[in-house]
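Novice: Please find target-v7.txt (compact mmCIF, C-alpha atoms (C1' of nucleotides)) on the next line:
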# COMPACT_ATOMS: atom_id res chain seq x y z
CA MET T 1 -45.71 -95.56 -106.26
CA TYR T 2 -45.23 -92.70 -108.68
CA ARG T 3 -44.93 -95.07 -111.60
CA VAL T 4 -47.97 -97.11 -110.66
CA ARG T 5 -50.02 -93.96 -110.36
CA ALA T 6 -48.68 -92.58 -113.66
CA ALA T 7 -49.28 -95.88 -115.45
CA HIS T 8 -52.82 -96.01 -114.08
CA MET T 9 -53.65 -92.49 -115.28
CA ASN T 10 -52.08 -93.21 -118.68
CA ALA T 11 -54.12 -96.38 -119.02
CA LEU T 12 -57.29 -94.52 -118.08
CA ASP T 13 -56.53 -91.78 -120.60
CA GLU T 14 -56.03 -94.41 -123.29
CA ALA T 15 -59.20 -96.28 -122.35
CA ILE T 16 -61.21 -93.06 -122.61
CA ALA T 17 -59.54 -92.20 -125.92
CA ARG T 18 -60.51 -95.59 -127.33
CA ASP T 19 -64.21 -94.94 -126.73
CA PRO T 20 -65.44 -92.87 -129.68
CA ASP T 21 -68.11 -91.00 -127.69
CA LEU T 22 -65.81 -90.09 -124.81
CA ALA T 23 -62.89 -89.24 -127.09
CA ALA T 24 -65.07 -86.63 -128.82
CA LEU T 25 -65.56 -84.88 -125.47
CA GLY T 26 -61.82 -84.76 -124.82
CA ILE T 27 -62.05 -85.85 -121.19
CA SER T 28 -58.76 -86.56 -119.42
CA ALA T 29 -58.28 -88.96 -116.53
CA CYS T 30 -57.84 -86.02 -114.12
CA GLN T 31 -61.07 -84.50 -115.32
CA TYR T 32 -62.86 -87.82 -114.87
CA VAL T 33 -61.81 -87.92 -111.23
CA VAL T 34 -63.40 -84.52 -110.64
CA ILE T 35 -66.53 -85.47 -112.54
CA SER T 36 -66.94 -88.68 -110.58
CA VAL T 37 -66.68 -86.88 -107.24
CA LEU T 38 -69.11 -84.24 -108.46
CA ALA T 39 -71.58 -87.00 -109.32
CA LYS T 40 -71.72 -87.98 -105.66
CA ARG T 41 -74.64 -86.52 -103.75
CA GLY T 42 -73.66 -83.87 -101.25
CA VAL T 43 -70.57 -82.62 -103.06
CA ASP T 44 -71.53 -79.64 -105.15
CA SER T 45 -69.35 -76.63 -104.37
CA ALA T 46 -65.79 -75.95 -105.45
CA THR T 47 -64.49 -75.95 -101.88
CA GLU T 48 -66.09 -79.29 -101.05
CA LEU T 49 -64.53 -80.77 -104.16
CA CYS T 50 -61.13 -79.46 -103.07
CA LYS T 51 -61.49 -80.98 -99.61
CA ASP T 52 -62.68 -84.30 -100.99
CA LEU T 53 -59.74 -84.52 -103.39
CA SER T 54 -57.17 -82.65 -101.24
CA TYR T 55 -56.88 -80.32 -104.18
CA ASP T 56 -55.66 -76.74 -104.45
CA ALA T 57 -58.42 -74.11 -104.77
CA GLY T 58 -56.63 -72.30 -107.59
CA ALA T 59 -56.19 -75.54 -109.47
CA MET T 60 -59.87 -76.28 -109.02
CA THR T 61 -60.89 -72.93 -110.49
CA ARG T 62 -58.93 -73.70 -113.62
CA MET T 63 -60.16 -77.29 -113.74
CA ALA T 64 -63.74 -75.98 -113.55
CA ASP T 65 -62.89 -73.56 -116.39
CA ARG T 66 -61.80 -76.46 -118.58
CA LEU T 67 -64.80 -78.63 -117.71
CA GLU T 68 -67.18 -75.72 -118.25
CA ALA T 69 -65.57 -74.95 -121.62
CA LYS T 70 -66.25 -78.54 -122.64
CA GLY T 71 -69.87 -78.21 -121.54
CA LEU T 72 -69.60 -80.96 -118.93
CA ILE T 73 -70.39 -78.87 -115.86
CA SER T 74 -72.12 -75.58 -115.08
CA ARG T 75 -71.30 -72.89 -112.54
CA ARG T 76 -74.04 -71.18 -110.52
CA ARG T 77 -73.67 -68.71 -107.67
CA CYS T 78 -75.41 -69.98 -104.56
CA PRO T 79 -78.23 -67.56 -103.63
CA GLU T 80 -78.03 -68.34 -99.89
CA ASP T 81 -74.27 -67.75 -99.67
CA ARG T 82 -73.10 -65.68 -102.59
CA ARG T 83 -69.46 -66.59 -101.94
CA LEU T 84 -70.16 -70.18 -103.00
CA VAL T 85 -70.07 -71.39 -106.57
CA LYS T 86 -72.22 -74.46 -107.05
CA LEU T 87 -70.93 -76.87 -109.65
CA GLU T 88 -73.31 -79.24 -111.42
CA LEU T 89 -72.94 -81.82 -114.11
CA THR T 90 -74.74 -80.79 -117.29
CA GLU T 91 -76.79 -83.27 -119.29
CA ALA T 92 -73.74 -83.99 -121.39
CA GLY T 93 -71.71 -84.64 -118.25
CA LEU T 94 -74.35 -86.95 -116.81
CA ALA T 95 -74.64 -88.76 -120.13
CA ALA T 96 -70.91 -89.47 -120.24
CA LEU T 97 -70.78 -90.76 -116.67
CA PRO T 98 -71.76 -94.43 -117.16
CA LYS T 99 -69.20 -94.98 -119.91
CA LEU T 100 -66.53 -93.19 -117.91
CA ARG T 101 -67.23 -95.40 -114.92
CA GLU T 102 -67.06 -98.46 -117.10
CA CYS T 103 -63.62 -97.39 -118.40
CA SER T 104 -62.42 -96.70 -114.87
CA VAL T 105 -63.52 -100.07 -113.54
CA ARG T 106 -62.03 -101.91 -116.50
CA VAL T 107 -58.66 -100.19 -116.05
CA LEU T 108 -58.59 -100.81 -112.31
CA ASN T 109 -59.45 -104.48 -112.79
CA HIS T 110 -56.66 -104.71 -115.32
CA PHE T 111 -54.13 -103.36 -112.84
CA MET T 112 -55.43 -105.60 -110.05
CA ARG T 113 -55.62 -108.78 -112.09
CA GLY T 114 -54.04 -111.69 -110.29
CA PHE T 115 -54.81 -110.09 -106.91
CA SER T 116 -57.02 -112.01 -104.50
CA GLN T 117 -59.60 -110.07 -102.52
CA ALA T 118 -57.46 -110.48 -99.42
CA GLU T 119 -54.42 -109.07 -101.21
CA ALA T 120 -56.37 -106.10 -102.53
CA ARG T 121 -57.64 -105.33 -99.05
CA GLN T 122 -54.13 -105.67 -97.64
CA LEU T 123 -52.72 -103.26 -100.22
CA GLU T 124 -55.43 -100.76 -99.42
CA GLY T 125 -54.65 -101.14 -95.73
CA TYR T 126 -50.98 -100.42 -96.32
CA LEU T 127 -51.80 -97.27 -98.28
CA VAL T 128 -54.17 -96.06 -95.57
CA ARG T 129 -51.52 -96.67 -92.92
CA MET T 130 -48.95 -94.68 -94.89
CA LEU T 131 -51.41 -91.82 -95.22
CA GLN T 132 -52.06 -91.88 -91.48
CA ASN T 133 -48.31 -91.77 -90.88
CA ALA T 134 -48.03 -88.60 -92.98
CA MET R 1 -52.10 -94.06 -104.31
CA TYR R 2 -52.20 -90.51 -105.59
CA ARG R 3 -52.57 -89.13 -102.09
CA VAL R 4 -49.76 -91.24 -100.64
CA ARG R 5 -47.46 -90.12 -103.40
CA ALA R 6 -48.49 -86.47 -103.01
CA ALA R 7 -48.12 -86.63 -99.22
CA HIS R 8 -44.67 -88.19 -99.62
CA MET R 9 -43.47 -85.48 -102.00
CA ASN R 10 -44.91 -82.77 -99.75
CA ALA R 11 -43.16 -84.23 -96.72
CA LEU R 12 -39.90 -84.41 -98.66
CA ASP R 13 -40.26 -80.81 -99.79
CA GLU R 14 -40.86 -79.76 -96.18
CA ALA R 15 -37.93 -81.78 -94.87
CA ILE R 16 -35.63 -80.14 -97.42
CA ALA R 17 -37.03 -76.72 -96.56
CA ARG R 18 -36.31 -77.27 -92.87
CA ASP R 19 -32.59 -77.81 -93.53
CA PRO R 20 -31.03 -74.34 -93.76
CA ASP R 21 -28.31 -75.36 -96.24
CA LEU R 22 -30.67 -77.17 -98.60
CA ALA R 23 -33.38 -74.52 -98.33
CA ALA R 24 -30.88 -71.92 -99.58
CA LEU R 25 -30.42 -73.98 -102.75
CA GLY R 26 -34.16 -74.14 -103.37
CA ILE R 27 -34.22 -77.83 -104.29
CA SER R 28 -37.63 -79.42 -104.77
CA ALA R 29 -38.47 -83.07 -104.20
CA CYS R 30 -38.77 -83.63 -107.97
CA GLN R 31 -35.36 -82.12 -108.48
CA TYR R 32 -33.90 -84.34 -105.78
CA VAL R 33 -35.14 -87.43 -107.59
CA VAL R 34 -33.28 -86.36 -110.74
CA ILE R 35 -30.16 -85.49 -108.77
CA SER R 36 -30.13 -88.83 -107.00
CA VAL R 37 -30.39 -90.77 -110.26
CA LEU R 38 -27.68 -88.60 -111.78
CA ALA R 39 -25.43 -89.48 -108.85
CA LYS R 40 -25.57 -93.14 -109.86
CA ARG R 41 -22.62 -94.29 -111.95
CA GLY R 42 -23.50 -95.02 -115.57
CA VAL R 43 -26.36 -92.54 -115.87
CA ASP R 44 -25.01 -89.32 -117.31
CA SER R 45 -26.96 -88.26 -120.41
CA ALA R 46 -30.37 -86.67 -120.62
CA THR R 47 -31.84 -89.61 -122.53
CA GLU R 48 -30.61 -92.18 -120.03
CA LEU R 49 -32.14 -90.13 -117.24
CA CYS R 50 -35.45 -90.09 -119.09
CA LYS R 51 -35.40 -93.85 -119.54
CA ASP R 52 -34.45 -94.44 -115.92
CA LEU R 53 -37.28 -92.26 -114.65
CA SER R 54 -39.77 -92.92 -117.50
CA TYR R 55 -39.71 -89.19 -118.00
CA ASP R 56 -40.57 -87.06 -121.01
CA ALA R 57 -37.58 -85.69 -122.95
CA GLY R 58 -39.03 -82.20 -123.17
CA ALA R 59 -39.69 -82.17 -119.44
CA MET R 60 -36.10 -83.28 -118.84
CA THR R 61 -34.72 -80.42 -120.90
CA ARG R 62 -36.57 -77.94 -118.73
CA MET R 63 -35.68 -79.76 -115.52
CA ALA R 64 -32.01 -79.58 -116.56
CA ASP R 65 -32.48 -75.86 -117.23
CA ARG R 66 -33.72 -75.33 -113.69
CA LEU R 67 -30.99 -77.44 -112.11
CA GLU R 68 -28.34 -75.70 -114.20
CA ALA R 69 -29.70 -72.28 -113.24
CA LYS R 70 -29.30 -73.28 -109.60
CA GLY R 71 -25.71 -74.38 -110.23
CA LEU R 72 -26.39 -77.98 -109.23
CA ILE R 73 -25.56 -79.64 -112.54
CA SER R 74 -23.57 -78.79 -115.66
CA ARG R 75 -24.27 -79.52 -119.32
CA ARG R 76 -21.46 -80.63 -121.64
CA ARG R 77 -21.71 -81.75 -125.25
CA CYS R 78 -20.24 -85.21 -125.65
CA PRO R 79 -17.24 -85.01 -128.05
CA GLU R 80 -17.72 -88.58 -129.35
CA ASP R 81 -21.40 -88.12 -130.15
CA ARG R 82 -22.22 -84.47 -130.42
CA ARG R 83 -25.97 -85.17 -130.20
CA LEU R 84 -25.56 -86.20 -126.58
CA VAL R 85 -25.63 -83.76 -123.69
CA LYS R 86 -23.74 -85.10 -120.71
CA LEU R 87 -25.13 -83.99 -117.39
CA GLU R 88 -22.88 -83.89 -114.34
CA LEU R 89 -23.36 -82.86 -110.75
CA THR R 90 -21.34 -79.76 -109.92
CA GLU R 91 -19.41 -79.49 -106.67
CA ALA R 92 -22.42 -77.76 -105.15
CA GLY R 93 -24.63 -80.60 -106.32
CA LEU R 94 -22.32 -83.25 -104.91
CA ALA R 95 -22.03 -81.34 -101.65
CA ALA R 96 -25.80 -81.27 -101.18
CA LEU R 97 -26.22 -84.98 -101.90
CA PRO R 98 -25.54 -86.46 -98.44
CA LYS R 99 -28.00 -84.16 -96.70
CA LEU R 100 -30.60 -84.73 -99.40
CA ARG R 101 -30.26 -88.48 -98.98
CA GLU R 102 -30.61 -88.11 -95.25
CA CYS R 103 -33.85 -86.16 -95.69
CA SER R 104 -35.16 -88.72 -98.13
CA VAL R 105 -34.45 -91.66 -95.83
CA ARG R 106 -35.95 -89.89 -92.84
CA VAL R 107 -39.16 -89.10 -94.71
CA LEU R 108 -39.47 -92.63 -96.05
CA ASN R 109 -38.94 -94.11 -92.61
CA HIS R 110 -41.58 -91.78 -91.28
CA PHE R 111 -44.12 -93.04 -93.82
CA MET R 112 -43.19 -96.67 -93.20
CA ARG R 113 -43.21 -96.50 -89.43
CA GLY R 114 -45.10 -99.36 -87.90
CA PHE R 115 -44.39 -101.54 -90.94
CA SER R 116 -42.50 -104.76 -90.38
CA GLN R 117 -39.85 -105.75 -92.91
CA ALA R 118 -42.18 -108.44 -94.23
CA GLU R 119 -44.99 -105.92 -94.71
CA ALA R 120 -42.69 -103.47 -96.50
CA ARG R 121 -41.56 -106.20 -98.86
CA GLN R 122 -45.13 -107.26 -99.47
CA LEU R 123 -46.19 -103.72 -100.31
CA GLU R 124 -43.30 -103.40 -102.74
CA GLY R 125 -44.30 -106.73 -104.30
CA TYR R 126 -47.87 -105.51 -104.82
CA LEU R 127 -46.65 -102.33 -106.51
CA VAL R 128 -44.33 -104.29 -108.79
CA ARG R 129 -47.15 -106.63 -109.74
CA MET R 130 -49.42 -103.71 -110.61
CA LEU R 131 -46.71 -102.23 -112.79
CA GLN R 132 -46.26 -105.54 -114.57
CA ASN R 133 -50.01 -105.67 -115.16
CA ALA R 134 -49.87 -102.26 -116.87
C1' DT X 1 -74.04 -50.86 -85.88
C1' DG X 2 -69.24 -51.04 -87.27
C1' DA X 3 -64.68 -52.94 -87.20
C1' DC X 4 -62.56 -57.25 -87.69
C1' DA X 5 -61.89 -61.98 -88.84
C1' DA X 6 -63.06 -65.90 -91.61
C1' DT X 7 -64.45 -67.98 -95.86
C1' DG X 8 -64.86 -68.92 -100.97
C1' DA X 9 -63.49 -68.01 -105.39
C1' DC X 10 -60.35 -66.05 -108.57
C1' DT X 11 -55.70 -64.54 -110.51
C1' DG X 12 -50.76 -64.42 -111.37
C1' DC X 13 -46.55 -66.67 -111.04
C1' DC X 14 -44.00 -70.75 -110.30
C1' DT X 15 -42.78 -75.92 -111.02
C1' DA X 16 -43.94 -79.91 -113.56
C1' DG X 17 -45.15 -83.48 -117.27
C1' DG X 18 -47.03 -84.98 -122.15
C1' DC X 19 -47.02 -84.39 -127.06
C1' DA X 20 -45.85 -82.69 -131.61
C1' DG X 21 -42.70 -80.52 -134.54
C1' DG X 22 -38.12 -78.95 -135.64
C1' DT X 23 -32.90 -79.23 -135.98
C1' DA X 24 -28.22 -81.02 -135.63
C1' DG X 25 -25.59 -84.93 -135.68
C1' DA X 26 -24.89 -90.00 -136.48
C1' DT X 27 -25.84 -94.29 -138.97
C1' DT X 28 -26.92 -97.18 -142.72
C1' DG X 29 -28.14 -98.95 -147.37
C1' DG X 30 -27.66 -98.33 -152.21
C1' DC Y 1 -20.47 -90.92 -151.49
C1' DC Y 2 -24.98 -89.47 -150.61
C1' DA Y 3 -29.76 -89.85 -149.54
C1' DA Y 4 -32.82 -91.76 -146.22
C1' DT Y 5 -33.38 -92.80 -141.60
C1' DC Y 6 -32.63 -92.69 -136.81
C1' DT Y 7 -31.32 -90.48 -132.52
C1' DA Y 8 -30.82 -86.79 -129.04
C1' DC Y 9 -32.07 -82.63 -127.77
C1' DC Y 10 -34.73 -78.39 -127.86
C1' DT Y 11 -39.02 -75.56 -128.30
C1' DG Y 12 -43.87 -74.33 -128.21
C1' DC Y 13 -48.29 -75.39 -126.67
C1' DC Y 14 -51.27 -77.90 -123.73
C1' DT Y 15 -52.93 -79.82 -119.02
C1' DA Y 16 -52.02 -79.79 -114.22
C1' DG Y 17 -50.96 -78.55 -109.19
C1' DG Y 18 -49.01 -75.34 -105.30
C1' DC Y 19 -48.66 -70.82 -103.20
C1' DA Y 20 -49.51 -66.01 -102.33
C1' DG Y 21 -52.27 -62.13 -102.90
C1' DT Y 22 -56.86 -59.94 -103.94
C1' DC Y 23 -61.78 -59.27 -103.74
C1' DA Y 24 -66.51 -60.06 -102.36
C1' DT Y 25 -69.38 -62.00 -99.02
C1' DT Y 26 -70.48 -63.70 -94.53
C1' DG Y 27 -70.06 -64.24 -89.60
C1' DT Y 28 -68.60 -62.45 -85.09
C1' DC Y 29 -68.10 -59.58 -81.37
C1' DA Y 30 -67.54 -55.38 -78.88
Take the structure in the file and give it back as structure tokens.
Specialist:
Amino acid sequence: MYRVRAAHMNALDEAIARDPDLAALGISACQYVVISVLAKRGVDSATELCKDLSYDAGAMTRMADRLEAKGLISRRRCPEDRRLVKLELTEAGLAALPKLRECSVRVLNHFMRGFSQAEARQLEGYLVRMLQNA
Amino acid sequence: MYRVRAAHMNALDEAIARDPDLAALGISACQYVVISVLAKRGVDSATELCKDLSYDAGAMTRMADRLEAKGLISRRRCPEDRRLVKLELTEAGLAALPKLRECSVRVLNHFMRGFSQAEARQLEGYLVRMLQNA
DNA sequence: TGACAATGACTGCCTAGGCAGGTAGATTGG
DNA sequence: CCAATCTACCTGCCTAGGCAGTCATTGTCA
């Protein structure tokens, strides 16, 4: 499990590095995961991101620092609840999204090649069951 | 996949922490993995450990530092090839092994509860296939 | 209203892995 | 025999996550 996950992240890193536009931004696979969740409607604060990814709040602060430094996201205090920090994709972040998604899909397809739809669903079911057992 | 792996390591950490003897040693789940490989016959140098775990050499140096500081392993320069550092479990390390293995098995069984033998084998087969696709 | 709890973000300290560069020791070709 | 190369390990710097403690803000309840 560990190796599959590590191999997948490595492959995604390499796929991003091979794209000249994305490579210039220096986006890692971990950062892509955060960006892709942030692109979903309804997820816009640091805490929601943490819940969605079962991520540590401290880690998220630092991740946001890195993404902000690269100009991919912006931080904004929420006026209604000043404890919240709203995170938004910048134009640069939005612009990179389609290519990132393309890389992600290509890598996943590569790992799942030779799997029938039924097998893929079965694998997913097994993983969900293990998580429920946790 | 990431969440299953993370949940598994968390559960293993907690299981180790619940055992009073093991908790006193402060062994993490990552450290247990290294210890268990080291306990296998034929794996005794840092490089072999790295290959066995597809682990970075620099990371292994620091992991060995931590394990040595806790008195669980010992470093010894190999007289035949002085580049090699032989790693060995100390008495304390060997003594902790049975209980560590027990924790590991218990946690794994917990995650796999409700799985038939056929399902477990199928899951393993899927993971192996994904790794081969990498 | 005022004390208290709860929440959200941040920070410091820890473990942990990847990568590049350096060094000591071993191996090999001329 | 010696220079080039390779190997094993170490080190520094980076990303990355977990945990505990702090601070500001908000909600709650007497």
Novice: Can you pull out the residues contacting T:Asp21? Cut-off 9 Å, using only C-alpha atoms (C1' of nucleotides), and skip same-chain residues under 5 positions away; I want them as number ranges by chain.
Specialist: T: 16, 96, 99
Novice: Keeping only C-alpha atoms, take the residues you just selected and write them out as a PDB file, in the frame of the given file.
Specialist:
ATOM      1  CA  ILE T  16     -61.210 -93.060-122.610  1.00  0.00           C
ATOM      2  CA  ALA T  96     -70.910 -89.470-120.240  1.00  0.00           C
ATOM      3  CA  LYS T  99     -69.200 -94.980-119.910  1.00  0.00           C
TER       4      LYS T  99
END
Novice: Taking (-63.6, -64.0, -95.4) in the coordinates of the supplied file, I want to know which residues reach to within 10 Å of it, counting all atoms listed in the file; could you give the answer as a compact mmCIF listing (two decimals) with C-alpha atoms (C1' of nucleotides), in the coordinates of the input?
Specialist:
# COMPACT_ATOMS: atom_id res chain seq x y z
CA ARG T 83 -69.46 -66.59 -101.94
C1' DA X 5 -61.89 -61.98 -88.84
C1' DA X 6 -63.06 -65.90 -91.61
C1' DT X 7 -64.45 -67.98 -95.86
C1' DG X 8 -64.86 -68.92 -100.97
C1' DC Y 23 -61.78 -59.27 -103.74
C1' DA Y 24 -66.51 -60.06 -102.36
C1' DT Y 25 -69.38 -62.00 -99.02
C1' DT Y 26 -70.48 -63.70 -94.53
C1' DG Y 27 -70.06 -64.24 -89.60
Novice: May I have the residues of chain T within 12 Å of chain X, counting all atoms listed in the file, written as a PyMOL selection string?
Specialist: chain T and resi 6+10+13+45-48+50+56-62+64-65+75+77-78+81-86
Novice: Can you tell me how far atom CA of T:Leu131 sits from atom CA of T:Glu102, in Å to one decimal?
Specialist: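 Computing it gives 27.7 Å between the two atoms.
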Novice: What gap, in Å, lies between atom CA of R:Leu94 and atom CA of R:Ser28?
Specialist: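 Between these atoms lies a distance of 15.8 Å.
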Novice: Show me a table, sorted first by chain and then by increasing residue number, of the residues of chain T having an atom at most 12 Å from chain R, each with its shortest atom pair and the distance in Å to one decimal, counting only C-alpha atoms and written as a Markdown table.
Specialist:
| residue | atom | partner | partner_atom | distance |
| --- | --- | --- | --- | --- |
| T:Met1 | CA | R:Arg5 | CA | 6.4 |
| T:Tyr2 | CA | R:Arg5 | CA | 6.3 |
| T:Arg3 | CA | R:Leu131 | CA | 7.5 |
| T:Val4 | CA | R:Leu131 | CA | 5.7 |
| T:Arg5 | CA | R:Tyr2 | CA | 6.3 |
| T:Ala6 | CA | R:Tyr2 | CA | 9.0 |
| T:Ala7 | CA | R:Ala134 | CA | 6.6 |
| T:His8 | CA | R:Ala134 | CA | 7.5 |
| T:Met9 | CA | R:Tyr2 | CA | 10.0 |
| T:Asn10 | CA | R:Ala134 | CA | 9.5 |
| T:Ala11 | CA | R:Ala134 | CA | 7.6 |
| T:Leu12 | CA | R:Ala134 | CA | 10.8 |
| T:Glu14 | CA | R:Ala134 | CA | 11.9 |
| T:Cys30 | CA | R:Tyr2 | CA | 11.2 |
| T:Val33 | CA | R:Tyr2 | CA | 11.4 |
| T:Asp52 | CA | R:Arg3 | CA | 11.3 |
| T:Leu53 | CA | R:Arg3 | CA | 8.6 |
| T:Ser54 | CA | R:Arg3 | CA | 8.0 |
| T:Tyr55 | CA | R:Arg3 | CA | 10.0 |
| T:Val107 | CA | R:Ala134 | CA | 9.1 |
| T:Leu108 | CA | R:Met130 | CA | 9.8 |
| T:Asn109 | CA | R:Asn133 | CA | 9.8 |
| T:His110 | CA | R:Asn133 | CA | 6.7 |
| T:Phe111 | CA | R:Met130 | CA | 5.2 |
| T:Met112 | CA | R:Met130 | CA | 6.3 |
| T:Arg113 | CA | R:Asn133 | CA | 7.1 |
| T:Gly114 | CA | R:Arg129 | CA | 8.6 |
| T:Phe115 | CA | R:Tyr126 | CA | 8.6 |
| T:Ser116 | CA | R:Tyr126 | CA | 11.2 |
| T:Glu119 | CA | R:Tyr126 | CA | 8.3 |
| T:Ala120 | CA | R:Tyr126 | CA | 8.8 |
| T:Arg121 | CA | R:Tyr126 | CA | 11.3 |
| T:Gln122 | CA | R:Leu123 | CA | 8.6 |
| T:Leu123 | CA | R:Leu123 | CA | 6.5 |
| T:Glu124 | CA | R:Met1 | CA | 8.9 |
| T:Gly125 | CA | R:Leu123 | CA | 10.0 |
| T:Tyr126 | CA | R:Leu123 | CA | 7.1 |
| T:Leu127 | CA | R:Val4 | CA | 6.8 |
| T:Val128 | CA | R:Val4 | CA | 8.3 |
| T:Arg129 | CA | R:Phe111 | CA | 8.3 |
| T:Met130 | CA | R:Phe111 | CA | 5.2 |
| T:Leu131 | CA | R:Val4 | CA | 5.7 |
| T:Gln132 | CA | R:Phe111 | CA | 8.4 |
| T:Asn133 | CA | R:Phe111 | CA | 5.3 |
| T:Ala134 | CA | R:Phe111 | CA | 6.0 |
Novice: As AutoDock Vina command-line options, please: the centre and edge lengths in Å, to one decimal, of an axis-aligned box enclosing every listed atom of stretch 88-106 of chain R with 3 Å added on each side.
Specialist:
--center_x -27.7 --center_y -84.7 --center_z -103.6 --size_x 22.5 --size_y 19.9 --size_z 27.5
Novice: Go through chain Y residue by residue and, counting all atoms listed in the file, keep those with an atom at most 10 Å from chain R; for each kept residue give the shortest atom pair and its distance in Å to one decimal, ordered by chain and increasing number, as a tab-separated table.
Specialist:
residue	atom	partner	partner_atom	distance
Y:DT7	C1'	R:Arg83	CA	7.9
Y:DA8	C1'	R:Arg83	CA	5.2
Y:DC9	C1'	R:Arg83	CA	7.0
Y:DC10	C1'	R:Thr61	CA	7.3
Y:DT11	C1'	R:Gly58	CA	8.4
Novice: Report the distance between atom CA of R:Thr90 and atom CA of R:Leu25 in Å, rounded to one decimal place.
Specialist: 12.9 Å
